[in-house]
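Enquirer: Let me begin by handing over the structure; questions about it come next.
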Amino acid sequence: MTGAEKKPEVGDTWYRFEDYRVGHADEWGDLVSVSVQVSHREYTVTKVTPKGVWLSWGFGGSNRFVLLGARKRFAHPSKEEALESFMARKTSQIRILEKQLEHVRTALFMGKSQLARLKPEAAATKPEEKLLELA
């Protein structure tokens, strides 16, 4: 926290942005007509300590401690900071998921190679092999 920032007080509102998948379930329980929405939650400061704040959400909700000097925070005192934090979390999530996708593609390629060595003539003609092809 820099000197220019306002010191937190009990009763202040802090914010956290989150994304949600919204849709309805079909007769098999699968989500259809899915869209993504981004919204924010508001948390109330219930206690201030020298190192951070305790936040509460809703009635009877559990309290959450947020360290003021931390690089990553659960919630922020302004919507702008909360939105910047949300975008940083989503950027990190993309990086993690891209690495996982790379791993899966490599494993699939290795599986195809091993199958081709085990059954060279059958691997090229089986319909299951065509299902494994990536678009």
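Residues are named by chain letter and number: chains run A, B, ... in the order of the structure tokens, numbers start at 1 in each chain, and ligands are numbered from 1 in the order shown.
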Which neighbours of A:Ser35 fall inside 12 Å, counting only C-alpha atoms, when residues of the same chain fewer than 6 positions from it are skipped, and could you give them as a list of chain:residue names?
Expert: A:Asp19, A:Tyr20, A:Arg21, A:Val22, A:Gly23, A:His24
Enquirer: Can you tell me which residues surround A:Ser78 at a distance of at most 7 Å, considering only C-alpha atoms, apart from same-chain residues fewer than 2 positions away, and format the answer as a ChimeraX atom specification?
Expert: /A:14-15,76,80-82
Enquirer: Neighbours of A:Ser56 within 9 Å (only C-alpha atoms; same-chain residues fewer than 2 positions away dropped), as a PyMOL selection string?
Expert: chain A and resi 42-46+54+58-64
Enquirer: Keeping only C-alpha atoms, write those residues as a compact mmCIF listing (two decimals), in the first residue's frame.
Expert:
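Writing the result to again_1.txt gives the following:
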# COMPACT_ATOMS: atom_id res chain seq x y z
CA GLU A 42 -18.67 -6.67 -2.95
CA TYR A 43 -17.09 -7.46 0.40
CA THR A 44 -17.35 -5.39 3.57
CA VAL A 45 -14.33 -4.70 5.77
CA THR A 46 -15.22 -6.06 9.22
CA TRP A 54 -10.90 -9.00 7.30
CA GLY A 58 -23.35 -11.79 2.72
CA PHE A 59 -25.12 -12.87 5.86
CA GLY A 60 -23.30 -15.43 7.96
CA GLY A 61 -20.60 -15.84 5.33
CA SER A 62 -17.12 -16.77 6.38
CA ASN A 63 -14.60 -13.99 6.83
CA ARG A 64 -11.52 -13.74 4.65
Enquirer: Could you name the residues that touch A:Ser85 at 12 Å or less, counting only C-alpha atoms, but leaving out those on the same chain fewer than 5 positions away, as a VMD selection string?
Expert: chain A and resid 15 to 18 40 71 to 80 90 to 92
Enquirer: DSSP on the backbone, helix (DSSP H, G or I) only: what residues of stretch 43-108 of chain A does that give? Format it as number ranges by chain.
Expert: A: 79-108
Enquirer: Residues within 7 Å of stretch 48-50 of chain A, please, as a list in words. Count only C-alpha atoms; anything in the same chain fewer than 4 positions from it doesn't count.
Expert: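 Residues meeting the cut-off are Pro8, Glu9, Val10 and Trp54 of chain A.
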Enquirer: For the residues in that selection, give me N, CA and C atoms as a compact mmCIF listing (two decimals), in the first residue's frame.
Expert:
# COMPACT_ATOMS: atom_id res chain seq x y z
N PRO A 8 -7.57 1.60 4.95
CA PRO A 8 -8.87 0.93 5.05
C PRO A 8 -9.52 1.15 6.41
N GLU A 9 -10.83 1.19 6.39
CA GLU A 9 -11.61 1.36 7.62
C GLU A 9 -12.73 0.34 7.65
N VAL A 10 -13.19 0.03 8.85
CA VAL A 10 -14.32 -0.88 9.00
C VAL A 10 -15.52 -0.28 8.27
N TRP A 54 -10.00 -7.85 7.34
CA TRP A 54 -10.90 -9.00 7.30
C TRP A 54 -12.13 -8.57 6.52
Enquirer: As a VMD selection string, please: every residue in chain A that DSSP puts in strand (DSSP E).
Expert: chain A and resid 13 to 25 31 to 48 52 to 56 64 to 67
